[in-house]
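**Q** So that we are looking at the same thing, I have put the structure below in structure tokens.
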Amino acid sequence: MNRRRVLQRRLVAAVLVLLSLALLTLYFREADNGFVHRVQDGTLRVVAPLQEGSARAIQPLRDGWNWVADLFGAKSENERLQEEVETLRAAVAEELTTQAENDELRALLDMRRGRIFPKDVEFVPARVIARSTTAWYSTVTIDVGSDDGVAQFDAVVNGQGLVGRIESVKATASQVQLLTDQQSYVDAMVVPGLAEGLVAGSVTGTVSLQYAAKSEEIKTGQFVVTSGRQGSIFVRGIPIGQVESVGSQEVELYQSVTVRPSVDFRKLDVVMVVRR
Amino acid sequence: MSARQPEAENATWSLPSGGELARLGALLFAALLLQTTVAPNIRILGASPDFALIIVVCVALLRGAQVGAVFGFLTGVLVGVALLEPLGMSALVYVVVGYFSGRYAETADLSAPVAPLVGVFAATLLANVLFATLQYLLERQVPFGFWVGRVLVPSLVLNTLLSAVFYLLVRRVLGGRGVLRADQTA
């Protein structure tokens, strides 16, 4: 009897492990409309409203938690911002000396005034209903999907700037790959100036501008926006962040540029999907 | 020990009763909600508590390896669906964690108050190693220093601190019999 019990226990565990491996393999090998993805879609239709309800219910607690966290960081943040204001003032005064730079600043101002998107672009407002809990993925789930016209690779923005892009779409919900995700790459440029590169996330949450040529002068405090080059999924001029530090080593081909994102990813709540 | 021997001699595994299934279902639902809505909003030292893992371990400690593995699988699948993560990844990790936590309960003396803490600590370590290995196999960045300092250590601290409260809550919800020891089942 006991031997049978032991065999049964081991068999159940082995079957479940194999089933998990089969799910994982199918998930990566099949198309987006494959069986496992459709099961996930169907289940999400039931789970998403629950998530939305509980996300709303927990909102005051989340705000309270963030408020406490902000309080601890307020003093050092204030000092850092004061320094940043001084740096920005100096940089702006210097950059305003040439017409070309003026044009860039004008473009930046246009962007700031919300004129960066073409008139025919349509926005789909969405609410964040879930976030990844592991350090390996920087993703959130939003409450709009293909039923609302959202498609894979659509840009996602909020009032502060670029949030990320749509990674996968289900009928009633979508997954957004945040700018900070280690597999996120965005065509970007530094303004004012001509430097271009790829803004990449990382597992540590650090965002950097990669492939910026050494010949281009990049300064701390400059703005980084989407370049909107041909083939890019993002329109030109969406704010990404500001240059936090610039480094360059002789052995490296490109500059090492760290970017502080405009978006506070901890407080993501309402976002907009930019329909192409 | 000997008082439980007759029960063990006649013990054959069968499906849990309706009431037991309802209680396990309620715990599954709670694990899903906590993991998908509360956990992402709590970040201490860069890590979020893994409520689902803690509840899987507590269920396994109280109900054994077989129930622990099944409960872990279902929790992992639902968490994978809700967070739109690669399906099967969390399921695989939670099955292994549920099974070995259950085996720990079946073979070790759980009368010591620190037993649930030890169980959750070891399960968190195992889960993080498995998650990191899977990430590595999926060709994602897994910097060792970051993993230890920003993922593993904070997770171990957070999950272990929460384990005592969750163990008491889960034990209260499940009630009834505890897990049968290995010497009574094998």
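In the structure tokens, chains take letters A, B, ... by order of appearance, with residues numbered from 1 within each chain and ligands from 1 in the order shown.
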Residues of chain A near chain B: apply a cut-off of 6 Å, count only C-alpha atoms, and supply the list as a ChimeraX atom specification.
**A** /A:2,9,17,20,23-24,40,55,130-131,133
**Q** Pull N, CA and C atoms from the residues just selected and write them as a PDB file, in the first residue's frame.
**A**
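Writing done, so here's selection_6.pdb:
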```pdb
ATOM      1  N   ASN A   2       1.888   1.226   0.959  1.00  0.00           N
ATOM      2  CA  ASN A   2       2.758   2.395   1.062  1.00  0.00           C
ATOM      3  C   ASN A   2       3.613   2.568  -0.188  1.00  0.00           C
ATOM      4  N   ARG A   9       2.852   9.290  -5.677  1.00  0.00           N
ATOM      5  CA  ARG A   9       3.339  10.643  -5.374  1.00  0.00           C
ATOM      6  C   ARG A   9       4.405  11.063  -6.385  1.00  0.00           C
ATOM      7  N   VAL A  17       5.775  18.086 -13.644  1.00  0.00           N
ATOM      8  CA  VAL A  17       7.012  18.695 -14.156  1.00  0.00           C
ATOM      9  C   VAL A  17       7.036  18.623 -15.684  1.00  0.00           C
ATOM     10  N   SER A  20       4.591  21.065 -17.160  1.00  0.00           N
ATOM     11  CA  SER A  20       5.117  22.437 -17.105  1.00  0.00           C
ATOM     12  C   SER A  20       6.124  22.663 -18.227  1.00  0.00           C
ATOM     13  N   LEU A  23       4.298  22.937 -21.505  1.00  0.00           N
ATOM     14  CA  LEU A  23       3.674  24.265 -21.632  1.00  0.00           C
ATOM     15  C   LEU A  23       4.709  25.307 -22.044  1.00  0.00           C
ATOM     16  N   LEU A  24       5.849  25.248 -21.364  1.00  0.00           N
ATOM     17  CA  LEU A  24       6.921  26.223 -21.616  1.00  0.00           C
ATOM     18  C   LEU A  24       7.437  26.090 -23.051  1.00  0.00           C
ATOM     19  N   GLN A  40      -4.286  30.931 -22.591  1.00  0.00           N
ATOM     20  CA  GLN A  40      -3.903  32.070 -21.758  1.00  0.00           C
ATOM     21  C   GLN A  40      -4.879  33.233 -21.985  1.00  0.00           C
ATOM     22  N   ALA A  55      -6.789  45.894  -8.367  1.00  0.00           N
ATOM     23  CA  ALA A  55      -5.803  46.970  -8.560  1.00  0.00           C
ATOM     24  C   ALA A  55      -6.379  48.307  -8.109  1.00  0.00           C
ATOM     25  N   ALA A 130      -1.770  44.963 -13.772  1.00  0.00           N
ATOM     26  CA  ALA A 130      -0.836  44.023 -13.130  1.00  0.00           C
ATOM     27  C   ALA A 130       0.589  44.357 -13.545  1.00  0.00           C
ATOM     28  N   ARG A 131       1.519  43.981 -12.708  1.00  0.00           N
ATOM     29  CA  ARG A 131       2.936  44.212 -12.985  1.00  0.00           C
ATOM     30  C   ARG A 131       3.708  42.938 -12.740  1.00  0.00           C
ATOM     31  N   THR A 133       6.347  40.608 -11.164  1.00  0.00           N
ATOM     32  CA  THR A 133       6.892  40.635  -9.803  1.00  0.00           C
ATOM     33  C   THR A 133       8.347  40.178  -9.751  1.00  0.00           C
TER      34      THR A 133
END
```
**Q** What's around region 118-123 of chain B at 7 Å? Count only C-alpha atoms, leave out sequence neighbours fewer than 6 positions away in its own chain, and write the answer as a PyMOL selection string.
**A** chain B and resi 54+57+97+101+156+159-160+163
**Q** Write a file of the selected residues as a PDB file, in the first residue's frame, keeping N, CA and C atoms.
**A**
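Heads up, here's the output in selection.pdb:
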```pdb
ATOM      1  N   ILE B  54       5.148  31.531  -0.966  1.00  0.00           N
ATOM      2  CA  ILE B  54       4.975  31.310   0.481  1.00  0.00           C
ATOM      3  C   ILE B  54       3.732  30.446   0.732  1.00  0.00           C
ATOM      4  N   VAL B  57       4.303  26.830  -0.293  1.00  0.00           N
ATOM      5  CA  VAL B  57       5.126  26.127   0.706  1.00  0.00           C
ATOM      6  C   VAL B  57       4.288  25.788   1.944  1.00  0.00           C
ATOM      7  N   VAL B  97       9.019  23.264  -5.943  1.00  0.00           N
ATOM      8  CA  VAL B  97       9.023  23.808  -4.581  1.00  0.00           C
ATOM      9  C   VAL B  97       7.942  23.132  -3.727  1.00  0.00           C
ATOM     10  N   SER B 101       8.927  20.840  -0.543  1.00  0.00           N
ATOM     11  CA  SER B 101       8.460  21.351   0.756  1.00  0.00           C
ATOM     12  C   SER B 101       7.596  20.290   1.431  1.00  0.00           C
ATOM     13  N   LEU B 156      14.967  36.283   0.147  1.00  0.00           N
ATOM     14  CA  LEU B 156      15.101  35.374   1.300  1.00  0.00           C
ATOM     15  C   LEU B 156      14.628  36.060   2.579  1.00  0.00           C
ATOM     16  N   ASN B 159      10.577  36.906   2.263  1.00  0.00           N
ATOM     17  CA  ASN B 159       9.729  35.710   2.310  1.00  0.00           C
ATOM     18  C   ASN B 159       9.812  35.010   3.666  1.00  0.00           C
ATOM     19  N   THR B 160      11.022  34.946   4.223  1.00  0.00           N
ATOM     20  CA  THR B 160      11.176  34.259   5.518  1.00  0.00           C
ATOM     21  C   THR B 160      10.455  35.032   6.622  1.00  0.00           C
ATOM     22  N   SER B 163       6.780  34.377   6.366  1.00  0.00           N
ATOM     23  CA  SER B 163       6.351  32.979   6.397  1.00  0.00           C
ATOM     24  C   SER B 163       5.586  32.604   7.666  1.00  0.00           C
TER      25      SER B 163
END
```
**Q** Skipping near chain neighbours, those fewer than 5 positions away, what residues fall within 6 Å of region 160-176 of chain A using only C-alpha atoms, listed as a list in words?
**A**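 Skipping anything fewer than 5 positions along the chain leaves Asp41, Thr139, Val140, Thr141, Ile142, Asp143, Val144, Gly145, Ser146, Asp147, Gln152, Phe153, Asp154, Ala155, Pro239, Ile240, Ser262 and Val263 of chain A.
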**Q** Using only C-alpha atoms, please write the residues we just selected to a file, as a PDB file, in the first residue's frame.
**A**
```
ATOM      1  CA  ASP A  41      -6.168  34.514 -23.600  1.00  0.00           C
ATOM      2  CA  THR A 139       6.481  44.431 -17.878  1.00  0.00           C
ATOM      3  CA  VAL A 140       2.991  45.565 -16.960  1.00  0.00           C
ATOM      4  CA  THR A 141      -0.413  44.366 -18.052  1.00  0.00           C
ATOM      5  CA  ILE A 142      -2.958  46.945 -19.244  1.00  0.00           C
ATOM      6  CA  ASP A 143      -6.715  46.579 -19.563  1.00  0.00           C
ATOM      7  CA  VAL A 144      -7.030  47.076 -23.327  1.00  0.00           C
ATOM      8  CA  GLY A 145      -6.365  44.549 -26.051  1.00  0.00           C
ATOM      9  CA  SER A 146      -7.160  43.611 -29.623  1.00  0.00           C
ATOM     10  CA  ASP A 147     -10.872  44.253 -28.972  1.00  0.00           C
ATOM     11  CA  GLN A 152       1.699  44.373 -31.133  1.00  0.00           C
ATOM     12  CA  PHE A 153       4.542  46.930 -31.105  1.00  0.00           C
ATOM     13  CA  ASP A 154       2.239  49.937 -30.575  1.00  0.00           C
ATOM     14  CA  ALA A 155       3.962  52.619 -28.488  1.00  0.00           C
ATOM     15  CA  PRO A 239      10.505  62.089 -24.395  1.00  0.00           C
ATOM     16  CA  ILE A 240      12.527  59.186 -23.032  1.00  0.00           C
ATOM     17  CA  SER A 262      11.241  60.662 -17.665  1.00  0.00           C
ATOM     18  CA  VAL A 263       8.617  58.174 -16.552  1.00  0.00           C
TER      19      VAL A 263
END
```
**Q** Quick one: of A:Glu77, A:His37, A:Arg275, A:Leu11, who's nearest to Thr25 (chain A), counting only C-alpha atoms?
**A**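 Looking at the shortest contact to Thr25 (chain A), the residue is A:His37.
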**Q** So how many Å separate CA of Tyr254 (chain A) and CA of Leu81 (chain A), to one decimal?
**A**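 Distance between the two atoms: 28.2 Å.
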**Q** Could you please determine the separation between CA of Asn33 (chain A) and CA of Ile129 (chain A) in Å, to one decimal place?
**A**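 Separation between CA of Asn33 (chain A) and CA of Ile129 (chain A): 22.8 Å.
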**Q** If you run DSSP over the backbone, which residues in region 10-168 of chain B end up alpha helix (DSSP H)? Put them as an MDAnalysis selection string.
**A** chainID B and resid 18:33 51:63 65:82 89:107 115:137 144:146 153:168
**Q** Between A:Phe35, A:Ala14, A:Arg127, A:Asn66, which residue has the minimum interatomic distance to Gln51 (chain A), considering only C-alpha atoms?
**A** A:Arg127
**Q** Taking only C-alpha atoms into account, which of B:Phe144, B:Leu137, B:Tyr167, B:Ser155 comes nearest Val114 (chain B)?
**A** B:Tyr167
**Q** Quote the spacing between CA of Thr180 (chain A) and CA of Thr204 (chain A) in Å to one decimal place.
**A** 8.5 Å
